[in-house]
>>> print(open('work_39.csv').read())   # CSV, C-alpha atoms and all ligand atoms
chain,number,residue,atom,x,y,z
A,127,MET,CA,0.2,137.8,57.3
A,128,ALA,CA,1.5,134.8,59.2
A,129,THR,CA,3.4,132.1,57.5
A,130,VAL,CA,4.5,128.6,58.7
A,131,ASP,CA,7.1,126.5,56.7
A,132,LEU,CA,6.8,122.8,56.6
A,133,VAL,CA,10.1,121.2,55.7
A,134,LEU,CA,10.5,117.5,54.9
A,135,PRO,CA,13.5,115.7,53.5
A,136,HIS,CA,12.4,115.9,49.9
A,137,HIS,CA,9.7,118.6,49.9
A,138,ARG,CA,8.9,121.9,51.6
A,139,TYR,CA,5.9,124.3,51.5
A,140,THR,CA,4.6,127.4,53.1
A,141,ILE,CA,1.2,127.8,54.9
A,142,HIS,CA,0.0,131.4,54.5
A,143,ILE,CA,-2.6,132.8,56.9
A,144,ALA,CA,-4.3,136.2,56.6
A,145,PRO,CA,-7.7,137.8,56.2
A,146,GLY,CA,-8.6,138.4,52.5
A,147,LEU,CA,-5.9,136.1,51.3
A,148,LEU,CA,-8.0,134.6,48.5
A,149,ALA,CA,-7.2,137.8,46.5
A,150,ASP,CA,-3.6,136.6,46.5
A,151,LEU,CA,-4.3,133.0,45.5
A,152,GLY,CA,-3.2,133.5,41.9
A,153,THR,CA,0.2,135.1,42.7
A,154,LEU,CA,0.9,132.5,45.4
A,155,THR,CA,-0.1,129.7,43.1
A,156,ARG,CA,2.1,131.1,40.3
A,157,GLN,CA,5.1,131.0,42.6
A,158,ALA,CA,4.4,127.5,43.9
A,159,ALA,CA,3.2,125.8,40.7
A,160,PRO,CA,3.7,127.9,37.5
A,161,HIS,CA,1.6,126.7,34.6
A,162,HIS,CA,-1.0,128.2,32.3
A,163,ARG,CA,-3.8,126.0,33.6
A,164,ALA,CA,-5.2,125.2,37.1
A,165,ALA,CA,-8.2,123.3,38.4
A,166,LEU,CA,-10.2,124.7,41.3
A,167,ILE,CA,-12.4,122.1,43.1
A,168,ILE,CA,-15.0,124.0,45.0
A,169,ASP,CA,-17.4,123.0,47.8
A,170,ASP,CA,-20.8,123.8,46.2
A,171,LYS,CA,-22.0,125.4,49.4
A,172,ILE,CA,-19.5,128.3,49.0
A,173,ILE,CA,-19.8,128.9,45.2
A,174,ASP,CA,-21.7,132.2,45.7
A,175,THR,CA,-19.6,133.4,48.7
A,176,HIS,CA,-16.0,132.6,48.0
A,177,SER,CA,-15.3,131.0,44.6
A,178,GLN,CA,-15.4,134.3,42.6
A,179,ALA,CA,-12.6,135.8,44.6
A,180,ALA,CA,-10.5,132.7,44.0
A,181,LEU,CA,-11.2,132.5,40.3
A,182,ALA,CA,-10.7,136.2,39.7
A,183,SER,CA,-7.3,136.0,41.5
A,184,LEU,CA,-6.2,133.0,39.4
A,185,LYS,CA,-7.3,134.7,36.2
A,186,ALA,CA,-5.5,137.9,37.2
A,187,ALA,CA,-2.3,135.8,37.6
A,188,ASN,CA,-2.7,134.5,34.0
A,189,PHE,CA,-4.2,131.1,34.8
A,190,ASP,CA,-7.0,129.6,32.7
A,191,PRO,CA,-8.8,128.0,35.6
A,192,LEU,CA,-11.2,125.0,35.3
A,193,ALA,CA,-13.8,125.2,38.0
A,194,ALA,CA,-15.4,121.9,39.2
A,195,THR,CA,-17.7,121.5,42.2
A,196,MET,CA,-18.5,118.8,44.7
A,197,THR,CA,-20.9,118.5,47.6
A,198,ALA,CA,-19.4,118.2,51.1
A,199,GLY,CA,-20.5,115.4,53.4
A,200,GLU,CA,-19.0,112.1,54.3
A,201,ASP,CA,-21.3,110.3,51.8
A,202,HIS,CA,-19.8,112.3,48.9
A,203,LYS,CA,-16.2,111.7,50.0
A,204,ASN,CA,-15.9,108.6,47.9
A,205,LEU,CA,-14.6,107.0,44.7
A,206,ALA,CA,-17.7,108.0,42.7
A,207,THR,CA,-16.9,111.7,43.3
A,208,VAL,CA,-13.2,111.0,42.5
A,209,GLU,CA,-14.1,109.4,39.2
A,210,LYS,CA,-16.4,112.3,38.3
A,211,LEU,CA,-13.6,114.7,38.9
A,212,TYR,CA,-11.1,112.6,36.9
A,213,HIS,CA,-13.5,112.8,33.9
A,214,GLN,CA,-13.7,116.6,34.2
A,215,LEU,CA,-10.0,117.0,34.4
A,216,LEU,CA,-9.4,114.6,31.5
A,217,ASP,CA,-12.1,116.3,29.3
A,218,GLN,CA,-10.5,119.6,30.0
A,219,ARG,CA,-7.0,118.2,29.3
A,220,LEU,CA,-5.5,119.2,32.6
A,221,GLU,CA,-1.8,118.4,32.4
A,222,ARG,CA,0.7,116.9,34.7
A,223,ARG,CA,2.1,120.3,35.8
A,224,SER,CA,-1.3,122.0,36.2
A,225,PRO,CA,-2.0,122.7,39.9
A,226,LEU,CA,-5.2,121.3,41.5
A,227,ILE,CA,-6.6,123.6,44.2
A,228,ALA,CA,-9.1,122.5,46.8
A,229,LEU,CA,-11.4,125.3,48.0
A,230,GLY,CA,-13.6,124.0,50.9
A,231,GLY,CA,-13.5,122.1,54.2
A,232,GLY,CA,-11.8,118.8,55.0
A,233,ILE,CA,-14.2,116.8,52.8
A,234,VAL,CA,-13.2,118.7,49.7
A,235,GLY,CA,-9.5,118.8,50.8
A,236,ASP,CA,-9.3,115.1,51.4
A,237,THR,CA,-11.2,114.2,48.2
A,238,ALA,CA,-9.5,116.7,45.8
A,239,GLY,CA,-6.2,115.8,47.4
A,240,PHE,CA,-6.7,112.1,46.5
A,241,VAL,CA,-7.5,113.2,42.9
A,242,ALA,CA,-4.3,115.3,42.9
A,243,ALA,CA,-2.3,112.3,44.2
A,244,SER,CA,-3.5,110.0,41.5
A,245,TYR,CA,-4.5,112.0,38.4
A,246,LEU,CA,-1.7,111.4,35.9
A,247,ARG,CA,0.2,109.8,38.8
A,248,GLY,CA,0.1,113.0,40.7
A,249,VAL,CA,-0.2,116.8,40.1
A,250,PRO,CA,0.8,119.7,42.3
A,251,PHE,CA,-1.8,120.1,45.0
A,252,ILE,CA,-2.9,123.4,46.8
A,253,GLN,CA,-5.1,123.6,49.8
A,254,CYS,CA,-7.4,126.5,50.4
A,255,PRO,CA,-9.3,125.4,53.6
A,256,THR,CA,-12.5,127.2,54.5
A,257,THR,CA,-13.5,125.5,57.7
A,258,LEU,CA,-11.6,126.0,61.0
A,259,LEU,CA,-11.0,122.2,61.2
A,260,ALA,CA,-9.5,122.1,57.7
A,261,MET,CA,-7.3,125.2,58.5
A,262,VAL,CA,-5.8,123.9,61.7
A,263,ASP,CA,-5.8,120.2,60.9
A,264,ALA,CA,-6.8,118.6,57.6
A,265,SER,CA,-5.1,120.9,55.1
A,266,VAL,CA,-1.7,120.4,56.6
A,267,GLY,CA,0.3,117.2,56.5
A,268,GLY,CA,-0.6,115.5,53.2
A,269,LYS,CA,-3.0,112.9,54.3
A,270,VAL,CA,-5.6,112.6,51.5
A,271,GLY,CA,-8.3,110.0,50.8
A,272,VAL,CA,-11.9,108.9,50.6
A,273,ASN,CA,-14.3,106.6,52.5
A,274,MET,CA,-15.6,103.2,51.6
A,275,PRO,CA,-18.8,101.5,52.6
A,276,GLN,CA,-16.7,99.5,55.0
A,277,GLY,CA,-15.3,102.5,56.8
A,278,LYS,CA,-13.9,106.1,56.7
A,279,ASN,CA,-10.6,107.1,55.1
A,280,LEU,CA,-9.8,103.5,54.1
A,281,ILE,CA,-8.5,104.5,50.6
A,282,GLY,CA,-5.9,107.2,50.4
A,283,ALA,CA,-2.3,108.4,50.0
A,284,PHE,CA,0.2,110.8,51.4
A,285,HIS,CA,0.4,113.7,48.9
A,286,GLN,CA,1.8,116.8,50.4
A,287,PRO,CA,0.5,120.1,49.1
A,288,VAL,CA,2.9,122.6,47.4
A,289,LEU,CA,1.1,125.5,49.1
A,290,VAL,CA,-1.6,126.2,51.7
A,291,VAL,CA,-3.6,129.4,51.5
A,292,ILE,CA,-5.7,130.2,54.6
A,293,ASP,CA,-8.1,133.2,54.1
A,294,THR,CA,-9.5,133.7,57.6
A,295,ASP,CA,-12.4,135.8,56.2
A,296,THR,CA,-13.9,132.7,54.7
A,297,LEU,CA,-14.9,131.6,58.3
A,298,LYS,CA,-17.4,134.5,58.4
A,299,THR,CA,-19.9,132.3,56.5
A,300,LEU,CA,-19.2,129.1,58.3
A,301,PRO,CA,-22.1,128.0,60.6
A,302,LYS,CA,-21.2,128.6,64.3
A,303,ARG,CA,-21.5,124.9,65.1
A,304,ASP,CA,-18.9,124.0,62.5
A,305,PHE,CA,-16.6,126.8,63.8
A,306,ILE,CA,-16.8,125.4,67.3
A,307,CYS,CA,-16.1,121.9,66.1
A,308,GLY,CA,-12.7,123.1,64.8
A,309,LEU,CA,-11.9,124.4,68.3
A,310,ALA,CA,-11.9,120.8,69.5
A,311,GLU,CA,-8.7,120.1,67.4
A,312,CYS,CA,-7.2,123.3,68.8
A,313,VAL,CA,-7.7,122.3,72.4
A,314,LYS,CA,-6.3,118.9,71.4
A,315,HIS,CA,-3.1,120.4,70.1
A,316,GLY,CA,-2.7,122.3,73.3
A,317,LEU,CA,-3.3,119.3,75.5
A,318,ILE,CA,-0.9,117.0,73.6
A,319,ARG,CA,2.0,119.3,73.3
A,320,ASP,CA,1.6,123.0,74.1
A,321,PRO,CA,0.3,124.0,77.6
A,322,ASP,CA,0.9,127.7,76.6
A,323,LEU,CA,-1.6,127.3,73.7
A,324,PHE,CA,-4.0,125.6,76.0
A,325,ASP,CA,-3.9,128.6,78.4
A,326,TRP,CA,-3.9,131.1,75.6
A,327,ILE,CA,-7.2,129.6,74.2
A,328,ASP,CA,-8.7,129.7,77.7
A,329,GLN,CA,-7.7,133.4,78.2
A,330,ASN,CA,-8.8,134.4,74.7
A,331,ILE,CA,-11.9,132.4,74.3
A,332,ASP,CA,-14.3,135.4,74.0
A,333,ALA,CA,-12.2,137.0,71.2
A,334,ILE,CA,-12.0,133.6,69.5
A,335,LEU,CA,-15.7,133.0,69.6
A,336,ALA,CA,-16.3,136.5,68.4
A,337,GLN,CA,-14.0,135.7,65.5
A,338,ASP,CA,-11.8,138.8,66.1
A,339,SER,CA,-9.6,138.9,63.0
A,340,ALA,CA,-6.1,139.2,64.7
A,341,THR,CA,-7.0,136.6,67.3
A,342,LEU,CA,-8.1,134.1,64.5
A,343,VAL,CA,-4.8,134.6,62.7
A,344,GLU,CA,-2.9,133.9,65.9
A,345,LEU,CA,-5.1,130.9,66.8
A,346,ILE,CA,-4.6,129.3,63.4
A,347,GLU,CA,-0.9,130.1,63.1
A,348,ARG,CA,-0.2,128.5,66.5
A,349,ASN,CA,-2.2,125.4,65.7
A,350,VAL,CA,-0.7,125.0,62.2
A,351,ARG,CA,2.7,125.3,63.7
A,352,ILE,CA,2.0,122.4,66.0
A,353,LYS,CA,0.5,120.2,63.2
A,354,ALA,CA,3.5,121.1,61.0
A,355,ASP,CA,6.0,120.3,63.8
A,356,VAL,CA,4.4,116.9,64.3
A,357,VAL,CA,4.3,116.1,60.5
A,358,MET,CA,8.0,117.2,60.2
A,359,GLU,CA,8.9,114.8,63.0
A,360,ASP,CA,6.9,111.9,61.6
A,361,GLU,CA,5.4,112.4,58.2
A,362,LYS,CA,4.0,108.8,57.7
A,363,GLU,CA,2.6,108.3,61.2
A,364,ALA,CA,5.2,105.8,62.4
A,365,GLY,CA,5.4,107.4,65.8
A,366,VAL,CA,4.6,110.8,67.2
A,367,ARG,CA,2.0,111.7,64.6
A,368,ALA,CA,-0.2,109.2,66.3
A,369,HIS,CA,-0.5,111.6,69.2
A,370,LEU,CA,-2.9,113.6,67.0
A,371,ASN,CA,-5.3,110.8,67.5
A,372,PHE,CA,-5.8,111.8,71.2
A,373,GLY,CA,-9.5,111.5,72.0
A,374,HIS,CA,-10.1,110.1,68.5
A,375,THR,CA,-10.5,106.3,69.3
A,376,PHE,CA,-13.4,107.3,71.6
A,377,ALA,CA,-14.6,109.9,69.2
A,378,HIS,CA,-14.8,107.4,66.3
A,379,ALA,CA,-16.8,105.0,68.4
A,380,ILE,CA,-19.2,107.8,69.3
A,381,GLU,CA,-19.6,108.8,65.6
A,382,ALA,CA,-20.0,105.3,64.3
A,383,GLY,CA,-22.1,104.2,67.3
A,384,THR,CA,-24.6,107.0,66.6
A,385,GLU,CA,-24.5,106.4,62.8
A,386,TYR,CA,-22.7,109.7,62.1
A,387,GLY,CA,-26.0,111.5,62.7
A,388,ARG,CA,-26.0,112.9,66.2
A,389,TYR,CA,-22.5,114.3,66.8
A,390,ARG,CA,-20.2,116.2,64.6
A,391,HIS,CA,-16.6,115.1,64.5
A,392,GLY,CA,-15.4,117.9,66.8
A,393,GLU,CA,-18.2,117.3,69.3
A,394,ALA,CA,-17.3,113.6,69.4
A,395,VAL,CA,-13.6,114.6,69.8
A,396,SER,CA,-14.6,116.8,72.8
A,397,LEU,CA,-16.2,113.9,74.5
A,398,GLY,CA,-13.4,111.5,73.5
A,399,MET,CA,-10.7,113.7,74.9
A,400,ILE,CA,-12.6,113.9,78.2
A,401,ALA,CA,-13.0,110.1,78.3
A,402,ALA,CA,-9.3,109.5,77.6
A,403,THR,CA,-8.2,112.1,80.2
A,404,ARG,CA,-10.5,110.7,82.9
A,405,LEU,CA,-9.3,107.2,82.1
A,406,ALA,CA,-5.7,108.4,82.5
A,407,ALA,CA,-6.6,110.1,85.8
A,408,ALA,CA,-8.4,107.1,87.1
A,409,SER,CA,-5.5,104.9,86.4
A,410,GLY,CA,-3.0,107.2,88.1
A,411,ARG,CA,-1.3,108.2,84.9
A,412,CYS,CA,-2.1,111.9,85.1
A,413,ASP,CA,-3.4,114.3,87.8
A,414,SER,CA,-7.2,114.7,88.0
A,415,THR,CA,-6.7,118.5,87.6
A,416,VAL,CA,-5.9,117.9,83.9
A,417,ALA,CA,-9.4,116.5,83.3
A,418,ASP,CA,-10.9,119.3,85.3
A,419,ARG,CA,-9.1,122.0,83.3
A,420,LEU,CA,-10.0,120.2,80.0
A,421,VAL,CA,-13.7,120.0,80.9
A,422,SER,CA,-13.7,123.7,82.0
A,423,LEU,CA,-12.1,124.9,78.8
A,424,LEU,CA,-14.4,122.7,76.5
A,425,ASN,CA,-17.4,124.1,78.4
A,426,LYS,CA,-16.3,127.6,77.6
A,427,THR,CA,-16.0,126.8,73.9
A,428,GLY,CA,-19.6,125.4,73.8
A,429,LEU,CA,-18.5,121.9,72.9
A,430,PRO,CA,-20.4,119.0,74.7
A,431,THR,CA,-18.8,117.7,77.8
A,432,GLN,CA,-21.3,115.0,78.7
A,433,ALA,CA,-23.7,112.8,76.8
A,434,ASN,CA,-26.6,110.8,78.2
A,435,ASP,CA,-27.6,109.4,74.9
A,436,LEU,CA,-24.5,107.3,74.0
A,437,PRO,CA,-25.0,103.7,72.9
A,438,PRO,CA,-24.3,101.0,75.5
A,439,ASN,CA,-20.6,100.3,76.5
A,440,ASP,CA,-20.4,96.9,74.7
A,441,LYS,CA,-21.4,98.5,71.4
A,442,LEU,CA,-18.9,101.3,71.8
A,443,MET,CA,-16.1,98.9,72.9
A,444,ALA,CA,-16.8,96.6,69.9
A,445,ILE,CA,-16.4,99.6,67.6
A,446,MET,CA,-13.2,100.6,69.3
A,447,ARG,CA,-11.7,97.1,68.8
A,448,SER,CA,-12.6,97.2,65.1
A,449,ASP,CA,-10.9,100.6,64.6
A,450,LYS,CA,-8.1,100.5,62.0
A,451,LYS,CA,-5.7,101.9,64.6
A,452,VAL,CA,-6.0,98.7,66.6
A,453,ALA,CA,-2.6,96.8,66.9
A,454,ASP,CA,-2.9,93.0,67.3
A,455,GLY,CA,-6.5,93.2,68.5
A,456,ARG,CA,-5.6,95.6,71.4
A,457,VAL,CA,-7.1,99.0,71.6
A,458,ARG,CA,-4.3,101.6,71.4
A,459,LEU,CA,-5.1,104.8,73.2
A,460,VAL,CA,-3.3,108.1,73.4
A,461,LEU,CA,-3.4,109.1,77.1
A,462,PRO,CA,-2.2,112.3,78.8
A,463,ASP,CA,0.7,112.1,81.3
A,464,GLN,CA,0.3,115.8,82.1
A,465,LEU,CA,-1.0,118.9,80.3
A,466,GLY,CA,1.1,119.1,77.1
A,467,LYS,CA,2.4,115.5,77.1
A,468,VAL,CA,0.7,112.3,76.0
A,469,SER,CA,1.8,108.6,75.5
A,470,ILE,CA,0.6,105.7,73.5
A,471,VAL,CA,-0.8,103.0,75.7
A,472,ASN,CA,-1.6,99.5,74.4
A,473,ASP,CA,-2.7,97.5,77.5
A,474,THR,CA,-5.7,99.4,78.9
A,475,PRO,CA,-8.0,97.0,80.7
A,476,ASP,CA,-11.6,96.9,79.4
A,477,ASP,CA,-13.1,97.9,82.7
A,478,ALA,CA,-11.1,101.1,82.7
A,479,VAL,CA,-12.3,101.9,79.3
A,480,ALA,CA,-15.9,101.1,80.4
A,481,GLY,CA,-15.4,103.4,83.4
A,482,ALA,CA,-14.4,106.3,81.1
A,483,TRP,CA,-17.5,105.8,79.0
A,484,ASP,CA,-19.7,105.8,82.1
A,485,SER,CA,-18.1,109.0,83.3
A,486,LEU,CA,-19.5,110.8,80.2
A,487,ARG,CA,-23.1,109.8,81.1
A,488,ALA,CA,-22.9,111.0,84.6
B,501,LIG,N1,-6.4,114.8,56.0
B,501,LIG,C1,-6.4,115.0,57.3
B,501,LIG,O1,-5.3,115.0,57.9
B,501,LIG,C2,-7.6,115.2,58.0
B,501,LIG,C3,-7.6,115.6,59.4
B,501,LIG,C4,-8.8,115.9,60.0
B,501,LIG,C5,-10.0,115.7,59.4
B,501,LIG,N2,-10.0,115.2,58.1
B,501,LIG,C6,-11.3,115.0,57.4
B,501,LIG,O2,-11.9,116.3,57.3
B,501,LIG,C7,-13.3,116.0,57.1
B,501,LIG,C8,-14.1,117.0,57.9
B,501,LIG,O3,-13.8,118.3,57.5
B,501,LIG,P1,-14.7,119.6,57.8
B,501,LIG,O4,-15.0,119.5,59.3
B,501,LIG,O5,-14.1,120.8,57.3
B,501,LIG,O6,-16.1,119.2,57.1
B,501,LIG,P2,-16.7,119.7,55.7
B,501,LIG,O7,-15.8,119.7,54.7
B,501,LIG,O8,-17.9,118.8,55.5
B,501,LIG,O9,-17.3,121.1,56.0
B,501,LIG,C9,-18.3,121.3,57.0
B,501,LIG,C10,-19.5,122.0,56.4
B,501,LIG,O10,-19.2,123.4,56.2
B,501,LIG,C11,-19.5,123.8,54.8
B,501,LIG,N3,-18.5,124.8,54.5
B,501,LIG,C12,-17.2,124.7,54.3
B,501,LIG,N4,-16.6,125.9,54.3
B,501,LIG,C13,-17.6,126.8,54.5
B,501,LIG,C14,-17.6,128.2,54.6
B,501,LIG,N5,-16.5,129.0,54.6
B,501,LIG,N6,-18.8,128.9,54.8
B,501,LIG,C15,-19.9,128.1,54.9
B,501,LIG,N7,-20.0,126.8,54.9
B,501,LIG,C16,-18.8,126.1,54.7
B,501,LIG,C17,-19.4,122.5,54.1
B,501,LIG,O11,-20.1,122.5,52.9
B,501,LIG,C18,-20.0,121.5,55.1
B,501,LIG,O12,-21.4,121.5,55.0
B,501,LIG,C19,-13.5,114.6,57.5
B,501,LIG,O13,-13.9,113.8,56.3
B,501,LIG,C20,-12.2,114.1,58.1
B,501,LIG,O14,-12.0,112.8,57.9
B,501,LIG,C21,-8.8,115.0,57.4
B,502,ZN,ZN,-10.1,115.1,64.4
>>> encode(input="work_39.csv", output="C-alpha cells", more="lines below")
Ligand SMILES: NC(=O)c1ccc[n+]([C@@H]2O[C@H](COP(=O)([O-])OP(=O)(O)OC[C@H]3O[C@@H](n4cnc5c(N)ncnc54)[C@H](O)[C@@H]3O)[C@@H](O)[C@H]2O)c1
Ligand SMILES: [Zn+2]
Amino acid sequence: MATVDLVLPHHRYTIHIAPGLLADLGTLTRQAAPHHRAALIIDDKIIDTHSQAALASLKAANFDPLAATMTAGEDHKNLATVEKLYHQLLDQRLERRSPLIALGGGIVGDTAGFVAASYLRGVPFIQCPTTLLAMVDASVGGKVGVNMPQGKNLIGAFHQPVLVVIDTDTLKTLPKRDFICGLAECVKHGLIRDPDLFDWIDQNIDAILAQDSATLVELIERNVRIKADVVMEDEKEAGVRAHLNFGHTFAHAIEAGTEYGRYRHGEAVSLGMIAATRLAAASGRCDSTVADRLVSLLNKTGLPTQANDLPPNDKLMAIMRSDKKVADGRVRLVLPDQLGKVSIVNDTPDDAVAGAWDSLRA
C-alpha cells in the first residue's frame, strides 16, 4: 500500500492507495472518525459492483451505515440533490460526529463533500474516489461544491476530508474513455511541476493503459503527492494552487462552447493544455519542443490533440472572458516556461489567444 500525508496548519489526513482497499474502509474509517453511525453516499452506477464491499467493511468495523445514492452527471451536481441528501441524513438522525463517505467519481465527491461541509455545520468527510480523475485530483484538497444554472462550481466550500481511501481495483469497471480522461490531469501535473513524472508516464504508457496493478498504484501515488504538495503550499488558492488550472481556461471554453455535450473534461483539458503551450511557445515564453513533447505524449494516451469542430474564436474568447478566474476583465492564463514550470500571465493579447485556438483546428 502507498500512503501520502497531507499536512495543513490545523488539519492533517492520509491518502491510502492500494488494490482491494475497500475491504479496509471500515477499519480506516474507525481510526479517522470513530462513531457508531456513518453515511455512505454512492454513485448509483456502481451500486452493484462496489458498494457491497464498502458496506460490508463498515459493518465489520461496527458501523451502522446509512446508504444513500445519487446519479453522477453535472446536471445532478446541484442544490436539489444536496437537499435530498440532507433530508435522508436528518430522517436517519445522522449526528455531528458521524462520518459521511463519498463513494464515486468527482461528481459524488464534490456534492457529498458539500453536504458534509454544511450538514449540522460540518461533519467528518471521507473520500473513496472511483474514477481516475477523482483519485488523482478531485478527492484531494478539500474543494467541494455544486453547480448553478449560471455556471459550474459556483456554490461551494473548502472542507478537507479526514481520510481518502483509493481502491485501484474500482477502476476495472470504469469505461476506458473515463479512465483516459483522468490521464489528462496526470500529464498536467507532470508539465506544471514534475518533469520526471512526465517522462515516467511517457515510458510507462502501455502498462498504464493496460491498468497494470503496481503501475496504477505508482501513477496515483505520484499524482496525489503533487496535488497534496500544491494544496499544502496554498490551501485556499491564493497563489500556486492556481497552477492546477493549466489548460483549464481553454478547456472550460471548449466545454461550455460545445454545451458540455461533445468533449469530456479530460479531453477538453488535453486540447486546452496544447493551446496554452503553443501560445507560450509562439510568444517566446517556452521552447517549442515543450509543445511537441506534450502533443506526442497526449497522442499516446489516446486523448484528442486536435479539433476541427470547435466553435468560432469570438464565441470561445467571450466564454474565456466570462470565466470566474478572470481578474479585472483580463483573461488569466497559466502558461509554461519550461517542462515542469509554469507562471500566471495576465496580459496575453487577444490575437495570441486566437492563434492558439487556430492551432487546434489545423
Ligand atoms: N473538487 C475538486 O478539486 C475537483 C477537481 C477536479 C474535478 N472536480 C469535479 O469532478 C467532476 C468530474 O469527476 P469525474 O470525472 O470523476 O466524473 P463522474 O463523477 O461523473 O464520473 C464519470 C462517470 O463514471 C461513472 N463511474 C464512477 N466510478 C465508476 C467506476 N468505478 N466504474 C464504472 N463507472 C464509474 C460515473 O457514474 C460517471 O458516469 C466535475 O464535476 C469536476 O468539477 C473537482
Ligand atoms: Zn481538470
>>> closest_residue(input="work_39.csv", among="A:Leu154, A:Leu192, A:Ile334, A:Val460", to="Gly365 of chain A", atoms="all atoms listed in the file")
A:Val460
>>> residues_near_ligand(input="work_39.csv", ligand="ligand LIG 501 (chain B)", cutoff="6 Å", atoms="all atoms listed in the file", output="count of residues only")
24
>>> residues_near_ligand(input="work_39.csv", ligand="ligand ZN 502 (chain B)", cutoff="12 Å", atoms="all atoms listed in the file", output="short mmCIF file (atom, residue, chain, number, x, y, z; two decimals) with C-alpha atoms, in the coordinates of the input")
data_model
loop_
_atom_site.label_atom_id
_atom_site.label_comp_id
_atom_site.auth_asym_id
_atom_site.auth_seq_id
_atom_site.Cartn_x
_atom_site.Cartn_y
_atom_site.Cartn_z
CA GLY A 232 -11.80 118.80 55.00
CA LEU A 258 -11.60 126.00 61.00
CA LEU A 259 -11.00 122.20 61.20
CA ALA A 260 -9.50 122.10 57.70
CA VAL A 262 -5.80 123.90 61.70
CA ASP A 263 -5.80 120.20 60.90
CA ALA A 264 -6.80 118.60 57.60
CA CYS A 307 -16.10 121.90 66.10
CA GLY A 308 -12.70 123.10 64.80
CA LEU A 309 -11.90 124.40 68.30
CA ALA A 310 -11.90 120.80 69.50
CA GLU A 311 -8.70 120.10 67.40
CA CYS A 312 -7.20 123.30 68.80
CA VAL A 313 -7.70 122.30 72.40
CA LYS A 314 -6.30 118.90 71.40
CA HIS A 315 -3.10 120.40 70.10
CA LYS A 353 0.50 120.20 63.20
CA ALA A 368 -0.20 109.20 66.30
CA HIS A 369 -0.50 111.60 69.20
CA LEU A 370 -2.90 113.60 67.00
CA ASN A 371 -5.30 110.80 67.50
CA PHE A 372 -5.80 111.80 71.20
CA GLY A 373 -9.50 111.50 72.00
CA HIS A 374 -10.10 110.10 68.50
CA THR A 375 -10.50 106.30 69.30
CA PHE A 376 -13.40 107.30 71.60
CA ALA A 377 -14.60 109.90 69.20
CA HIS A 378 -14.80 107.40 66.30
CA GLU A 381 -19.60 108.80 65.60
CA ARG A 390 -20.20 116.20 64.60
CA HIS A 391 -16.60 115.10 64.50
CA GLY A 392 -15.40 117.90 66.80
CA GLU A 393 -18.20 117.30 69.30
CA ALA A 394 -17.30 113.60 69.40
CA VAL A 395 -13.60 114.60 69.80
CA SER A 396 -14.60 116.80 72.80
CA LEU A 397 -16.20 113.90 74.50
CA GLY A 398 -13.40 111.50 73.50
CA MET A 399 -10.70 113.70 74.90
#
>>> closest_residue(input="work_39.csv", among="A:Asp174, A:Asp304, A:Asp293, A:Asp463", to="Ser414 of chain A", atoms="all atoms listed in the file")
A:Asp463
>>> atom_distance(input="work_39.csv", atom1="atom CA of Ala283 of chain A", atom2="atom CA of Arg319 of chain A")
26.1 Å
>>> closest_residue(input="work_39.csv", among="A:Val350, A:Cys412, A:Arg303, A:Gly248", to="Pro430 of chain A", atoms="only C-alpha atoms")
A:Arg303
>>> atom_distance(input="work_39.csv", atom1="atom CA of Pro255 of chain A", atom2="atom CA of Lys302 of chain A")
16.3 Å
>>> closest_residue(input="work_39.csv", among="A:Leu436, A:Ala480, A:Ala180, A:Ala407", to="Leu151 of chain A", atoms="only C-alpha atoms")
A:Ala180
>>> closest_residue(input="work_39.csv", among="A:Arg388, A:His213, A:His136, A:Arg348", to="Val288 of chain A", atoms="all atoms listed in the file")
A:His136
>>> residues_around(input="work_39.csv", residues="segment 329-332 of chain A", least_positions_apart="2", cutoff="12 Å", atoms="all atoms listed in the file", output="ChimeraX atom specification")
/A:306,309,312-313,322-327,334-338,340-342,344-345,422-428
>>> closest_residue(input="work_39.csv", among="A:Ile346, A:Ala478, A:Leu317, A:Ala364", to="Arg419 of chain A", atoms="only C-alpha atoms")
A:Leu317
